[in-house]
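Dumped start-v9.pdb below, it's PDB, C-alpha atoms:
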```
MODEL        1
ATOM      1  CA  MET A1058     145.602 104.089  37.644
ATOM      2  CA  ALA A1059     147.497 102.581  34.708
ATOM      3  CA  VAL A1060     146.541  99.032  33.716
ATOM      4  CA  VAL A1061     149.929  98.204  32.148
ATOM      5  CA  SER A1062     151.816 101.479  32.025
ATOM      6  CA  ALA A1063     150.845 105.048  31.287
ATOM      7  CA  SER A1064     152.514 105.025  27.863
ATOM      8  CA  VAL A1065     151.068 101.656  26.794
ATOM      9  CA  ASP A1066     147.602 102.660  27.976
ATOM     10  CA  ALA A1067     147.833 105.913  26.018
ATOM     11  CA  PHE A1068     148.865 104.025  22.893
ATOM     12  CA  LEU A1069     146.015 101.531  23.277
ATOM     13  CA  VAL A1070     143.507 104.360  23.529
ATOM     14  CA  ALA A1071     144.979 106.106  20.473
ATOM     15  CA  ALA A1072     145.179 102.854  18.482
ATOM     16  CA  THR A1073     141.577 101.938  19.343
ATOM     17  CA  THR A1074     140.398 105.357  18.221
ATOM     18  CA  VAL A1075     142.280 105.118  14.918
ATOM     19  CA  VAL A1076     141.170 101.537  14.180
ATOM     20  CA  VAL A1077     137.502 102.188  14.969
ATOM     21  CA  SER A1078     137.486 105.390  12.890
ATOM     22  CA  THR A1079     139.108 103.552   9.968
ATOM     23  CA  ALA A1080     136.623 100.681  10.186
ATOM     24  CA  LEU A1081     133.672 103.092  10.136
ATOM     25  CA  PHE A1082     135.201 104.924   7.183
ATOM     26  CA  LEU A1083     135.726 101.729   5.197
ATOM     27  CA  ARG A1084     132.191 100.503   5.904
ATOM     28  CA  ARG A1085     130.798 103.606   4.216
ATOM     29  CA  GLN A1086     132.652 102.861   0.989
ATOM     30  CA  PRO A1087     130.557 101.384  -1.833
ATOM     31  CA  ALA A1088     133.176  98.660  -2.420
ATOM     32  CA  LEU A1089     135.467  97.276   0.259
ATOM     33  CA  LEU A1090     138.135  95.469  -1.776
ATOM     34  CA  THR A1091     139.583  98.410  -3.691
ATOM     35  CA  LEU A1092     143.109  99.715  -4.171
ATOM     36  CA  ARG A1093     142.322 102.967  -2.376
ATOM     37  CA  ASN A1094     141.056 101.120   0.698
ATOM     38  CA  ALA A1095     144.181  98.944   0.686
ATOM     39  CA  LEU A1096     146.357 102.061   0.587
ATOM     40  CA  THR A1097     144.281 103.545   3.408
ATOM     41  CA  VAL A1098     145.066 100.464   5.516
ATOM     42  CA  ILE A1099     148.790 100.926   4.782
ATOM     43  CA  VAL A1100     148.585 104.548   5.949
ATOM     44  CA  VAL A1101     146.764 103.462   9.113
ATOM     45  CA  PHE A1102     149.361 100.796   9.944
ATOM     46  CA  ASN A1103     152.145 103.337   9.396
ATOM     47  CA  SER A1104     150.349 105.787  11.684
ATOM     48  CA  LEU A1105     149.977 103.146  14.398
ATOM     49  CA  SER A1106     153.662 102.253  14.109
ATOM     50  CA  VAL A1107     154.733 105.877  14.446
ATOM     51  CA  LEU A1108     152.330 106.485  17.329
ATOM     52  CA  TYR A1109     153.713 103.429  19.118
ATOM     53  CA  THR A1110     157.248 104.747  18.649
ATOM     54  CA  ILE A1111     156.341 108.219  19.933
ATOM     55  CA  ILE A1112     154.268 107.094  22.920
ATOM     56  CA  VAL A1113     155.998 103.892  24.037
ATOM     57  CA  LEU A1114     159.540 104.006  22.620
ATOM     58  CA  TRP A1115     160.501 107.536  23.606
ATOM     59  CA  PRO A1116     164.318 107.856  23.591
ATOM     60  CA  PRO A1117     165.843 107.409  27.067
ATOM     61  CA  ASN A1118     167.185 110.470  28.860
ATOM     62  CA  ILE A1119     168.368 109.986  32.410
ATOM     63  CA  PHE A1120     168.459 113.725  33.114
ATOM     64  CA  GLN A1121     164.817 114.225  32.152
ATOM     65  CA  ARG A1122     163.794 110.929  33.709
ATOM     66  CA  LEU A1123     165.349 111.789  37.064
ATOM     67  CA  ARG A1124     164.647 115.538  36.657
ATOM     68  CA  ILE A1125     168.188 116.480  37.488
ATOM     69  CA  PRO A1126     170.411 119.182  35.955
ATOM     70  CA  LEU A1127     172.679 118.294  33.073
ATOM     71  CA  THR A1128     175.680 119.349  35.171
ATOM     72  CA  THR A1129     174.975 116.792  37.906
ATOM     73  CA  PRO A1130     178.164 114.799  38.765
ATOM     74  CA  SER A1131     178.257 111.176  37.706
ATOM     75  CA  GLU A1132     178.327 109.866  41.295
ATOM     76  CA  MET A1133     175.180 111.804  42.152
ATOM     77  CA  ILE A1134     173.506 110.464  38.982
ATOM     78  CA  ARG A1135     174.446 106.923  40.070
ATOM     79  CA  ALA A1136     172.981 107.496  43.527
ATOM     80  CA  SER A1137     169.793 108.989  42.054
ATOM     81  CA  LEU A1138     169.369 106.018  39.699
ATOM     82  CA  LEU A1139     169.700 103.503  42.549
ATOM     83  CA  GLN A1140     167.364 105.496  44.741
ATOM     84  CA  HIS A1141     164.805 105.816  41.928
ATOM     85  CA  ALA A1142     164.960 102.049  41.334
ATOM     86  CA  GLY A1143     164.619 101.325  45.079
ATOM     87  CA  LEU A1144     168.026  99.587  45.307
ATOM     88  CA  SER A1145     170.773  99.822  47.883
ATOM     89  CA  PRO A1146     173.641 102.301  47.249
ATOM     90  CA  ASP A1147     176.188  99.518  46.724
ATOM     91  CA  THR A1148     174.164  97.711  44.024
ATOM     92  CA  PRO A1149     176.118  97.546  40.742
ATOM     93  CA  LEU A1150     174.544  99.141  37.691
ATOM     94  CA  PRO A1151     174.156  97.398  34.312
ATOM     95  CA  LYS A1152     177.319  97.466  32.229
ATOM     96  CA  LEU A1153     176.025  99.840  29.548
ATOM     97  CA  LEU A1154     174.637 102.282  32.093
ATOM     98  CA  ASP A1155     177.833 102.171  34.133
ATOM     99  CA  ALA A1156     179.879 102.866  30.980
ATOM    100  CA  LEU A1157     177.565 105.810  30.177
ATOM    101  CA  LEU A1158     178.107 107.367  33.600
ATOM    102  CA  THR A1159     181.849 106.945  33.162
ATOM    103  CA  ARG A1160     181.745 108.823  29.852
ATOM    104  CA  LEU A1161     179.551 111.561  31.312
ATOM    105  CA  SER A1162     182.433 112.476  33.589
ATOM    106  CA  SER A1163     183.645 114.576  30.644
ATOM    107  CA  PHE A1164     181.786 117.843  30.007
ATOM    108  CA  ASP A1165     182.393 117.525  26.251
ATOM    109  CA  LEU A1166     180.551 114.192  26.276
ATOM    110  CA  ARG A1167     177.602 115.900  27.940
ATOM    111  CA  THR A1168     177.338 118.342  25.048
ATOM    112  CA  LEU A1169     177.436 115.373  22.680
ATOM    113  CA  TYR A1170     174.740 113.759  24.843
ATOM    114  CA  VAL A1171     172.508 116.756  24.102
ATOM    115  CA  ARG A1172     173.372 116.584  20.410
ATOM    116  CA  PHE A1173     173.139 112.833  19.732
ATOM    117  CA  GLY A1174     171.052 111.449  22.581
ATOM    118  CA  GLN A1175     171.677 108.854  25.249
ATOM    119  CA  THR A1176     171.414 105.764  23.004
ATOM    120  CA  VAL A1177     174.249 106.834  20.692
ATOM    121  CA  ILE A1178     176.546 107.836  23.552
ATOM    122  CA  GLN A1179     175.759 104.616  25.381
ATOM    123  CA  ASP A1180     176.050 102.166  22.457
ATOM    124  CA  CYS A1181     179.086 103.454  20.569
ATOM    125  CA  ASP A1182     182.096 101.918  22.316
ATOM    126  CA  HIS A1183     184.718 103.016  19.795
ATOM    127  CA  CYS A1184     183.567 106.639  19.432
ATOM    128  CA  THR A1185     185.820 109.322  20.862
ATOM    129  CA  THR A1186     185.095 112.453  18.805
ATOM    130  CA  SER A1187     182.008 114.287  17.603
ATOM    131  CA  ASP A1188     182.572 113.004  14.063
ATOM    132  CA  ASP A1189     182.658 109.416  15.316
ATOM    133  CA  TYR A1190     179.328 109.822  17.051
ATOM    134  CA  LEU A1191     177.874 111.572  13.991
ATOM    135  CA  VAL A1192     178.884 108.721  11.693
ATOM    136  CA  PHE A1193     177.423 106.254  14.196
ATOM    137  CA  ALA A1194     174.126 108.166  14.537
ATOM    138  CA  LEU A1195     173.355 108.987  10.890
ATOM    139  CA  PRO A1196     172.645 105.430   9.624
ATOM    140  CA  ARG A1197     170.112 104.886  12.413
ATOM    141  CA  MET A1198     168.408 108.141  11.570
ATOM    142  CA  ALA A1199     168.526 107.419   7.826
ATOM    143  CA  LEU A1200     166.808 104.059   8.334
ATOM    144  CA  GLY A1201     163.654 105.829   9.495
ATOM    145  CA  TYR A1202     163.654 108.046   6.419
ATOM    146  CA  VAL A1203     164.132 105.017   4.141
ATOM    147  CA  LYS A1204     161.156 103.322   5.779
ATOM    148  CA  GLU A1205     159.076 106.469   5.275
ATOM    149  CA  ALA A1206     160.105 106.657   1.614
ATOM    150  CA  ALA A1207     158.990 103.033   1.184
ATOM    151  CA  VAL A1208     155.575 103.828   2.679
ATOM    152  CA  LEU A1209     155.178 106.843   0.396
ATOM    153  CA  GLY A1210     156.241 104.751  -2.580
ATOM    154  CA  ALA A1211     153.547 102.217  -1.716
ATOM    155  CA  ILE A1212     150.721 104.751  -1.415
ATOM    156  CA  THR A1213     151.685 106.492  -4.667
ATOM    157  CA  ILE A1214     151.838 103.402  -6.878
ATOM    158  CA  ARG A1215     150.240 103.381 -10.316
ATOM    159  CA  GLY A1216     146.488 103.464 -10.009
ATOM    160  CA  SER A1217     146.478 105.272  -6.670
ATOM    161  CA  GLY A1218     145.775 108.631  -8.284
ATOM    162  CA  HIS A1219     148.722 110.167  -6.428
ATOM    163  CA  GLU A1220     151.526 109.192  -8.804
ATOM    164  CA  ARG A1221     152.394 112.833  -9.512
ATOM    165  CA  TRP A1222     153.062 113.481  -5.796
ATOM    166  CA  ARG A1223     155.703 110.743  -5.438
ATOM    167  CA  THR A1224     158.630 112.871  -6.620
ATOM    168  CA  TRP A1225     157.638 115.777  -4.380
ATOM    169  CA  ALA A1226     157.171 113.506  -1.352
ATOM    170  CA  VAL A1227     160.539 111.799  -1.805
ATOM    171  CA  ALA A1228     162.223 115.164  -2.350
ATOM    172  CA  LEU A1229     160.637 116.397   0.886
ATOM    173  CA  ILE A1230     161.971 113.352   2.748
ATOM    174  CA  VAL A1231     165.481 113.872   1.374
ATOM    175  CA  GLY A1232     165.328 117.557   2.272
ATOM    176  CA  ALA A1233     164.164 116.749   5.813
ATOM    177  CA  PHE A1234     166.997 114.240   6.268
ATOM    178  CA  ILE A1235     169.607 116.741   5.073
ATOM    179  CA  THR A1236     168.144 119.484   7.280
ATOM    180  CA  GLU A1237     168.084 117.327  10.399
ATOM    181  CA  SER A1238     171.614 116.073   9.748
ATOM    182  CA  TYR A1239     172.818 119.652   9.363
ATOM    183  CA  TRP A1240     171.155 120.769  12.588
ATOM    184  CA  ILE A1241     172.548 117.837  14.549
ATOM    185  CA  ALA A1242     176.056 118.419  13.219
ATOM    186  CA  THR A1243     176.174 122.207  13.556
ATOM    187  CA  ALA A1244     173.708 123.177  16.313
ATOM    188  CA  SER A1245     175.125 125.347  19.046
ATOM    189  CA  ILE A1246     174.790 123.669  22.463
ATOM    190  CA  ALA A1247     174.107 126.097  25.301
ATOM    191  CA  ILE A1248     174.319 124.712  28.848
ATOM    192  CA  PRO A1249     173.535 127.146  31.683
ATOM    193  CA  ARG A1250     175.599 127.059  34.874
ATOM    194  CA  ASP A1251     172.808 125.414  36.822
ATOM    195  CA  GLY A1252     172.400 122.820  34.052
ATOM    196  CA  ARG A1253     168.626 123.229  33.846
ATOM    197  CA  ASN A1254     166.271 123.983  30.915
ATOM    198  CA  VAL A1255     168.772 122.687  28.376
ATOM    199  CA  PHE A1256     167.334 122.302  24.872
ATOM    200  CA  MET A1257     167.817 118.611  24.104
ATOM    201  CA  TRP A1258     168.502 118.769  20.397
ATOM    202  CA  HIS A1259     168.354 115.041  19.804
ATOM    203  CA  ASP A1260     165.106 114.424  21.668
ATOM    204  CA  ASN A1261     163.286 117.397  20.141
ATOM    205  CA  LEU A1262     164.447 116.653  16.593
ATOM    206  CA  TRP A1263     163.478 113.020  17.142
ATOM    207  CA  LEU A1264     159.954 114.109  18.066
ATOM    208  CA  ILE A1265     159.692 116.487  15.092
ATOM    209  CA  ARG A1266     160.948 113.735  12.763
ATOM    210  CA  HIS A1267     158.318 111.249  13.899
ATOM    211  CA  ILE A1268     155.523 113.800  13.734
ATOM    212  CA  PHE A1269     156.689 114.416  10.158
ATOM    213  CA  PHE A1270     156.607 110.642   9.515
ATOM    214  CA  LEU A1271     153.072 110.551  10.914
ATOM    215  CA  ALA A1272     151.675 113.516   8.992
ATOM    216  CA  LEU A1273     153.283 113.158   5.552
ATOM    217  CA  PRO A1274     151.647 109.873   4.410
ATOM    218  CA  ILE A1275     148.258 111.080   5.663
ATOM    219  CA  LEU A1276     148.695 114.345   3.767
ATOM    220  CA  VAL A1277     149.772 112.665   0.526
ATOM    221  CA  HIS A1278     146.943 110.126   0.742
ATOM    222  CA  SER A1279     144.432 112.968   1.290
ATOM    223  CA  LEU A1280     145.574 115.100  -1.651
ATOM    224  CA  PRO A1281     143.312 115.369  -4.732
ATOM    225  CA  ARG A1282     143.559 112.313  -6.943
ATOM    226  CA  THR A1283     144.460 112.488 -10.605
ATOM    227  CA  PRO A1284     141.607 111.135 -12.753
ATOM    228  CA  PRO A1285     142.527 107.724 -14.182
ATOM    229  CA  LYS A1286     143.481 107.628 -17.839
ATOM    230  CA  PRO A1287     140.612 106.391 -20.007
ATOM    231  CA  ASP A1288     140.868 102.933 -21.491
ATOM    232  CA  PRO A1289     141.818 103.374 -25.190
ATOM    233  CA  ILE A1290     140.044 100.177 -26.322
ATOM    234  CA  PRO A1291     136.483 101.643 -26.224
ATOM    235  CA  LEU A1292     137.747 104.776 -27.962
ATOM    236  CA  LEU A1293     139.361 102.701 -30.695
ATOM    237  CA  ALA A1294     136.177 100.679 -31.135
ATOM    238  CA  SER A1295     134.154 103.878 -31.470
ATOM    239  CA  ALA A1296     136.633 105.298 -33.983
ATOM    240  CA  ARG A1297     136.480 102.094 -36.006
ATOM    241  CA  ALA A1298     132.671 102.255 -36.129
ATOM    242  CA  GLN A1299     132.854 105.883 -37.288
ATOM    243  CA  LEU A1300     135.343 104.985 -40.009
ATOM    244  CA  GLN A1301     133.161 102.129 -41.191
ATOM    245  CA  GLN A1302     130.269 104.563 -41.534
ATOM    246  CA  THR A1303     132.389 107.214 -43.239
ATOM    247  CA  GLN A1304     134.065 104.922 -45.778
ATOM    248  CA  PRO A1305     130.944 104.352 -47.942
ATOM    249  CA  GLN A1306     130.181 108.072 -47.850
ATOM    250  CA  LEU A1307     133.676 108.900 -49.102
ATOM    251  CA  MET A1308     133.398 106.304 -51.837
ATOM    252  CA  ASN A1309     130.061 107.820 -52.948
ATOM    253  CA  ALA A1310     131.483 111.370 -52.954
ATOM    254  CA  ARG A1311     133.382 110.880 -56.217
ATOM    255  CA  PHE A1312     130.222 109.607 -57.924
ATOM    256  CA  VAL A1313     128.287 112.626 -56.632
ATOM    257  CA  HIS A1314     130.893 114.994 -58.122
ATOM    258  CA  ALA A1315     130.661 113.219 -61.482
ATOM    259  CA  ALA A1316     126.842 113.371 -61.390
ATOM    260  CA  ILE A1317     126.943 117.118 -60.700
ATOM    261  CA  GLU A1318     129.143 117.701 -63.736
ATOM    262  CA  ARG A1319     126.711 115.787 -65.983
ATOM    263  CA  GLU A1320     123.637 117.768 -64.840
ATOM    264  CA  PRO A1321     123.637 121.365 -66.301
ATOM    265  CA  THR A1322     121.535 122.814 -63.464
ATOM    266  CA  LEU A1323     123.707 121.309 -60.698
ATOM    267  CA  ARG A1324     126.881 122.210 -62.576
ATOM    268  CA  ALA A1325     125.790 125.850 -62.836
ATOM    269  CA  ALA A1326     124.812 125.958 -59.151
ATOM    270  CA  ALA A1327     128.177 124.493 -58.116
ATOM    271  CA  ALA A1328     130.075 126.969 -60.285
ATOM    272  CA  GLU A1329     128.046 129.816 -58.813
ATOM    273  CA  TRP A1330     128.800 128.609 -55.267
ATOM    274  CA  TRP A1331     132.541 128.360 -55.880
ATOM    275  CA  GLU A1332     132.562 131.788 -57.535
ATOM    276  CA  ARG A1333     130.797 133.290 -54.537
ATOM    277  CA  GLN A1334     133.322 131.653 -52.185
ATOM    278  CA  HIS A1335     136.155 133.078 -54.282
ATOM    279  CA  VAL A1336     134.693 136.587 -54.128
ATOM    280  CA  GLU A1337     134.094 136.417 -50.372
ATOM    281  CA  GLY A1338     137.606 135.080 -49.860
ATOM    282  CA  GLU A1339     139.057 138.000 -51.783
ATOM    283  CA  TRP A1340     137.050 140.417 -49.657
ATOM    284  CA  ALA A1341     138.401 138.832 -46.478
ATOM    285  CA  ARG A1342     142.000 138.750 -47.689
ATOM    286  CA  GLU A1343     141.859 142.403 -48.778
ATOM    287  CA  ASP A1344     140.348 143.630 -45.491
ATOM    288  CA  GLU A1345     143.035 145.228 -43.280
ATOM    289  CA  HIS A1346     141.299 144.285 -40.002
ATOM    290  CA  VAL A1347     141.070 140.645 -41.062
ATOM    291  CA  ARG A1348     144.790 140.638 -41.932
ATOM    292  CA  ARG A1349     145.739 142.043 -38.519
ATOM    293  CA  ALA A1350     143.497 139.601 -36.640
ATOM    294  CA  ALA A1351     144.883 136.670 -38.648
ATOM    295  CA  GLU A1352     148.456 137.762 -37.932
ATOM    296  CA  LYS A1353     147.763 137.954 -34.179
ATOM    297  CA  LEU A1354     146.352 134.430 -34.267
ATOM    298  CA  GLY A1355     149.383 133.101 -36.151
ATOM    299  CA  ARG A1356     147.378 132.738 -39.366
ATOM    300  CA  GLY A1357     148.791 135.677 -41.305
ATOM    301  CA  ILE A1358     148.072 135.631 -45.058
ATOM    302  CA  GLN A1359     150.382 138.455 -46.176
ATOM    303  CA  ASP A1360     152.306 137.277 -49.254
ATOM    304  CA  GLY A1361     155.394 139.333 -48.450
ATOM    305  CA  VAL A1362     155.276 141.586 -51.531
ATOM    306  CA  ASP A1363     154.291 144.801 -49.732
ATOM    307  CA  GLY A1364     155.595 143.832 -46.296
ATOM    308  CA  PRO A1365     156.687 140.902 -44.119
ATOM    309  CA  ALA A1366     155.093 137.606 -45.057
ATOM    310  CA  GLY A1367     152.369 136.234 -42.795
ATOM    311  CA  ARG A1368     152.973 133.146 -40.643
ATOM    312  CA  LEU A1369     150.371 130.995 -42.383
ATOM    313  CA  HIS A1370     151.755 132.043 -45.766
ATOM    314  CA  GLU A1371     155.265 131.096 -44.700
ATOM    315  CA  LYS A1372     154.162 127.754 -43.238
ATOM    316  CA  THR A1373     152.238 126.923 -46.414
ATOM    317  CA  LYS A1374     155.175 127.895 -48.615
ATOM    318  CA  THR A1375     157.549 125.772 -46.510
ATOM    319  CA  ALA A1376     155.222 122.765 -46.705
ATOM    320  CA  MET A1377     154.913 123.097 -50.485
ATOM    321  CA  ASN A1378     158.696 123.355 -50.818
ATOM    322  CA  MET A1379     159.091 120.106 -48.854
ATOM    323  CA  ILE A1380     156.548 118.350 -51.071
ATOM    324  CA  PHE A1381     158.195 119.545 -54.298
ATOM    325  CA  ASN A1382     161.676 118.654 -53.015
ATOM    326  CA  SER A1383     160.561 115.159 -52.041
ATOM    327  CA  LEU A1384     159.296 114.677 -55.611
ATOM    328  CA  GLY A1385     162.496 116.077 -57.104
ATOM    329  CA  TRP A1386     160.683 119.057 -58.601
ATOM    330  CA  ARG A1387     161.380 122.732 -58.342
ATOM    331  CA  MET A1388     158.641 124.872 -56.906
ATOM    332  CA  PRO A1389     157.581 127.671 -59.267
ATOM    333  CA  GLN A1390     158.056 131.204 -57.919
TER     334      GLN A1390
ENDMDL
END
```
Encoded form (structure tokens):
Amino acid sequence: MAVVSASVDAFLVAATTVVVSTALFLRRQPALLTLRNALTVIVVFNSLSVLYTIIVLWPPNIFQRLRIPLTTPSEMIRASLLQHAGLSPDTPLPKLLDALLTRLSSFDLRTLYVRFGQTVIQDCDHCTTSDDYLVFALPRMALGYVKEAAVLGAITIRGSGHERWRTWAVALIVGAFITESYWIATASIAIPRDGRNVFMWHDNLWLIRHIFFLALPILVHSLPRTPPKPDPIPLLASARAQLQQTQPQLMNARFVHAAIEREPTLRAAAAEWWERQHVEGEWAREDEHVRRAAEKLGRGIQDGVDGPAGRLHEKTKTAMNMIFNSLGWRMPQ
């Protein structure tokens, strides 16, 4: 037996399950007051709001509520409503409901009822054509998508680790809105002669839309997070310390070179080392396999005399030309 109503009881059970699960999840976190936990709470509140809408605020549909065919005459619908409410046959109906039954006297309005739902047909007093009802229905539908975009914007803020998913999520929302609008505007309405088993386009698309609103934030919040960018201040401090250590070594290097030139033994050893490097470099540059490998790596050393110039040779030549031109000199050939 329902305590309040079946729908409210179902929502309370679902909400209790979600809240308790979230509380247990947050208790296991090493720190409670973090941005990720705050975003998790936003996702949970959005989920509860959507669940409440789906379970408690299901769009009204007198044909499904009374379990009568869509082709039922308006007078029979009126009698069924009064009987279902336990009222006498001569009891007047509320103004909006009476106006709805009057409009349902037209078969064309019943097809629009399937397309746009009972609320739009009932609330739009000035609407007479399908385009009028479409213009009246779209802003209401768009408001839900705007709210969903705001939730996704909140859970993909800077520092959430999901910044890169914001564009894709918003694009998905826009695409879903366009798709639903297209289906509502162009869907073919088929009503059998007995008026039963009619596919209620509005009600089914409404359910799909809210399931989408429920699942998308949870999915985005569960996607892999982008590692946060490292703080540049420690890196700069480390680089400064390295430079402070390197500066004295660079200043001493010129004195070392001068000392080598003054010592005959060191001078001879240095000359021998540079001569050996020159010889080994010539061997490498003359080797055909080395030339091919260097060209594949974009480090070609061909001078262009016996064939096309290598990439490294061309880049070096271009750089030297820029240096000479900046000095106002002409590079020797």
**OP:** Taking the file above as input, evaluate the PyMOL selection byres ((chain A and resi 1178) around 12) and report the hits as a ChimeraX atom specification.
**Re:** /A:1117-1118,1153-1154,1156-1161,1165-1177,1179-1187,1189-1191,1193-1194,1259
Output file for the residues above (C-alpha atoms, as a short mmCIF file (atom, residue, chain, number, x, y, z; two decimals), in the frame of the given file):
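The result, written out as out22.cif:
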```
data_model
loop_
_atom_site.label_atom_id
_atom_site.label_comp_id
_atom_site.auth_asym_id
_atom_site.auth_seq_id
_atom_site.Cartn_x
_atom_site.Cartn_y
_atom_site.Cartn_z
CA PRO A 1117 165.84 107.41 27.07
CA ASN A 1118 167.18 110.47 28.86
CA LEU A 1153 176.02 99.84 29.55
CA LEU A 1154 174.64 102.28 32.09
CA ALA A 1156 179.88 102.87 30.98
CA LEU A 1157 177.56 105.81 30.18
CA LEU A 1158 178.11 107.37 33.60
CA THR A 1159 181.85 106.94 33.16
CA ARG A 1160 181.74 108.82 29.85
CA LEU A 1161 179.55 111.56 31.31
CA ASP A 1165 182.39 117.52 26.25
CA LEU A 1166 180.55 114.19 26.28
CA ARG A 1167 177.60 115.90 27.94
CA THR A 1168 177.34 118.34 25.05
CA LEU A 1169 177.44 115.37 22.68
CA TYR A 1170 174.74 113.76 24.84
CA VAL A 1171 172.51 116.76 24.10
CA ARG A 1172 173.37 116.58 20.41
CA PHE A 1173 173.14 112.83 19.73
CA GLY A 1174 171.05 111.45 22.58
CA GLN A 1175 171.68 108.85 25.25
CA THR A 1176 171.41 105.76 23.00
CA VAL A 1177 174.25 106.83 20.69
CA GLN A 1179 175.76 104.62 25.38
CA ASP A 1180 176.05 102.17 22.46
CA CYS A 1181 179.09 103.45 20.57
CA ASP A 1182 182.10 101.92 22.32
CA HIS A 1183 184.72 103.02 19.80
CA CYS A 1184 183.57 106.64 19.43
CA THR A 1185 185.82 109.32 20.86
CA THR A 1186 185.10 112.45 18.80
CA SER A 1187 182.01 114.29 17.60
CA ASP A 1189 182.66 109.42 15.32
CA TYR A 1190 179.33 109.82 17.05
CA LEU A 1191 177.87 111.57 13.99
CA PHE A 1193 177.42 106.25 14.20
CA ALA A 1194 174.13 108.17 14.54
CA HIS A 1259 168.35 115.04 19.80
#
```
Original post:
Which residues match the PyMOL selection byres ((chain A and resi 1266) around 9) in the file above, as a PyMOL selection string?
Top reply: chain A and resi 1201-1202+1233-1234+1237+1261-1265+1267-1271
Original post:
If you count only C-alpha atoms, which residues fall within 8 Å of stretch 1225-1228 of chain A, apart from same-chain ones fewer than 3 positions away, as a PyMOL selection string?
Top reply: chain A and resi 1206+1209+1221-1222+1231-1232+1273+1277
Original post:
What is the distance, in Å and to one decimal place, between atom CA of A:Leu1195 and atom CA of A:Pro1116?
Top reply: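 One can read the atom CA of A:Leu1195 to atom CA of A:Pro1116 distance as 15.6 Å.
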Subject >> Selection: 8 Å around A:Val1076, all atoms listed in the file, excl. self and same-chain fewer than 4 positions, as a list in words >> reply: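 Listing them by chain and then by number gives Ala1072, Ala1080 and Val1101 of chain A.
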Original post:
What does the distance between atom CA of A:Leu1092 and atom CA of A:Pro1291 come to in Å, to one decimal place?
Top reply: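 If I compute the distance from atom CA of A:Leu1092 to atom CA of A:Pro1291, I get 23.1 Å.
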**OP:** Can you pull out every residue within 10 Å of A:Thr1129, counting all atoms listed in the file, but drop anything in the same chain fewer than 2 positions away, and send it as a ChimeraX atom specification?
**Re:** /A:1120,1125-1127,1131-1134,1161-1162,1251-1253
Subject >> Within 12 Å of A:Ser1279 using all atoms listed in the file, minus same-chain residues under 5 positions, as a PyMOL selection string >> reply: chain A and resi 1093+1096-1097+1100+1212-1213+1217-1219+1222+1272-1274
Subject >> Atom pair atom CA of A:Ala1376 / atom CA of A:Arg1342: separation (Å) >> reply: 20.8 Å
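Nearest residue to A:Ser1104, choosing from A:Ile1275, A:Ala1211, A:Ala1327, A:Leu1090 and counting all atoms listed in the file: A:Ile1275.
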Subject >> Proximity to A:Glu1352 - best of A:Glu1320, A:Glu1329, A:Asp1155, A:Glu1371, all atoms listed in the file >> reply: A:Glu1371
Subject >> Best match for closeness to A:Glu1205 among A:Ile1230, A:Lys1372, A:Ala1325, A:His1141, counting all atoms listed in the file >> reply: A:Ile1230
